[in-house]
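Single-structure report; data block below.
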Amino acid sequence: MSNTKYLGYYFKVSPLQPTTEILIAELGEAGFESFVETETGVNAFIQKGDWHQNIFDDIFVLKSDEFDIQYTSEEIEQINWNKEWEKNFTPILVDDICSVRAPFHDKPNTEFDIVIEPKMSFGTGHHETTHMMIQHLLKTDLKDKKVLDMGCGTGVLAILSEMKGAAPVDAIDIDNWCYLNTIENVERNDCHHISAFEGDVSLLTGRNYDVIIANINRNILLNDIKEYAKSLNPGGSLFLSGFYKEDLDMITEECSKNNLFFVDNFVRNNWIAVSYHLK
C-alpha cells in the first residue's frame, strides 16, 4: 500500500453545515475513502485507481444552487493518515467532564477520557449532534442499563455508555468502515461489554434495551422510531439527534404515535438532540 497513489480534493463550502455532512455522504457513495473536516469544509481522498472522469456526475450538492462549493485537487504519492488527523483533529471537551481525543493528544484531567482514531467514520465529538448526545449521556444514570448505540459511527457514544456503567451495550452501523472503526475504538478504550454489528434496524428484532441512542438523520429516524419503541423496555429512554430544530415537531409527533413522550433537548447551532421517555 505504500506506493498507492491518491487524489486529494480540498473543498471549501458555504454554508458549512449541512453542506459538509451531505458532501461527505455523497462522496463516500462515489468511492472516496477518507475525509478530514476542516474549518472551511472538507478534504477528501480517493485512490487514483478508483477515480473516473464522471465521478462527480451524481454529487447533488455540487450542482445545487443552495450550496457554494469550491475545490482544488492534487495527486498524492502516499498519505500519512495519522499526520492528516493530527493536523485537523483537535481534542473535544464536553462540560469539563468528558474528553474525546486521538492517541497523539495529551491525556486530560477529565472523568471520562475517550481515545479514538476517527478515520472516515462519523462521531468524533466535533459535530454538534455528537457533542449534544454526549451531554445527554453525561446526565443519565446508565449503571447496569442495557444500551443500544444505533448508527454508532466511531463508537464514541457506546464507549461512553460503558464508561458510565452500562452493560451490555450494542453498537450498530450500516457502514462497514464505521463498524470496523467501532471495533478498533472499543478495543482501544479497553471496553469489554460492547458488541458491534454491521446492519440496520432489522437487527433489532428480538432485542430489548433500557436506553437507545440514535444519531442518524431525520428521514431514517422517522422511518425507524416505531422499531426503537418496540425494542425499548417500559420506562426506557430514547435519545435522538441528526436533525434540525425546525424538524422537532415532526419527530415528536412520530414519537407520540409510539407512546414516546418528550422530556428535554439541547440545541447547538440549530442542530438538536432530544430525549424521549417510553411510558
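Letters for chains follow the order of the C-alpha cells (A, B, ...), residue numbers begin at 1 for each chain, and ligand numbers begin at 1 in the order shown.
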
Next item on the list: From a DSSP calculation on the backbone, collect every residue of range 124-187 of chain A in alpha helix (DSSP H) and output the set as an NGL selection string.
Entry: :A and (128-138 or 156-163 or 176-187)

Next item on the list: Find the residues around Gly155 in chain A up to 7 Å (only C-alpha atoms counted), leave out those fewer than 4 positions away in its own chain, and share them as a PyMOL selection string.
Entry: chain A and resi 159+171+182+185

Checklist line | Nearest-residue call for Pro15 in chain A, choices A:Ala229, A:Val61, A:Leu248, A:Ala214, using only C-alpha atoms | finding: A:Val61

Checklist line | Closest of A:Leu238, A:Val115, A:Leu204, A:Val211 to Cys191 in chain A - atom-to-atom distances counting only C-alpha atoms | finding: A:Val115

Item checked: Nearest-residue call for Ser202 in chain A, choices A:Leu62, A:Ile174, A:Ala166, A:Ile92, using only C-alpha atoms ->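 Looking only at the distances to Ser202 in chain A, the closest residue turns out to be A:Ile174.
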
Check: Distance CA of Asn217 in chain A-CA of Asp144 in chain A, one decimal place?
Finding: 28.3 Å

Next item on the list: Extract the full set of strand (DSSP E) residues from range 109-157 of chain A according to DSSP on the backbone, and format it as a ChimeraX atom specification.
Entry: /A:112-115,147-150

Note to self: Just checking: using only C-alpha atoms, which residue out of A:Thr154, A:Thr38, A:Gln135, A:Thr129 ends up closest to Asn181 in chain A?
What the structure shows: A:Thr154

Next item on the list: Extract, using only C-alpha atoms, all DNA, RNA and protein residues at most 10 Å from Gly28 in chain A, discarding same-chain residues fewer than 4 positions from it, and format them as a PyMOL selection string.
Entry: chain A and resi 22-24+32-35+44-46+120

Checklist line | Interatomic distance, CA of Phe266 in chain A to CA of Ile116 in chain A (Å, one decimal) | finding: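 Going from CA of Phe266 in chain A over to CA of Ile116 in chain A, I get 24.2 Å.
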
Notebook entry, point to check: Which residue, A:Ser73, A:Thr205, A:Asn109, A:Asn270, has the smallest gap to Ile97 in chain A when you use only C-alpha atoms?
Noted result: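 Ranked by minimum distance to Ile97 in chain A, first place goes to A:Asn109.
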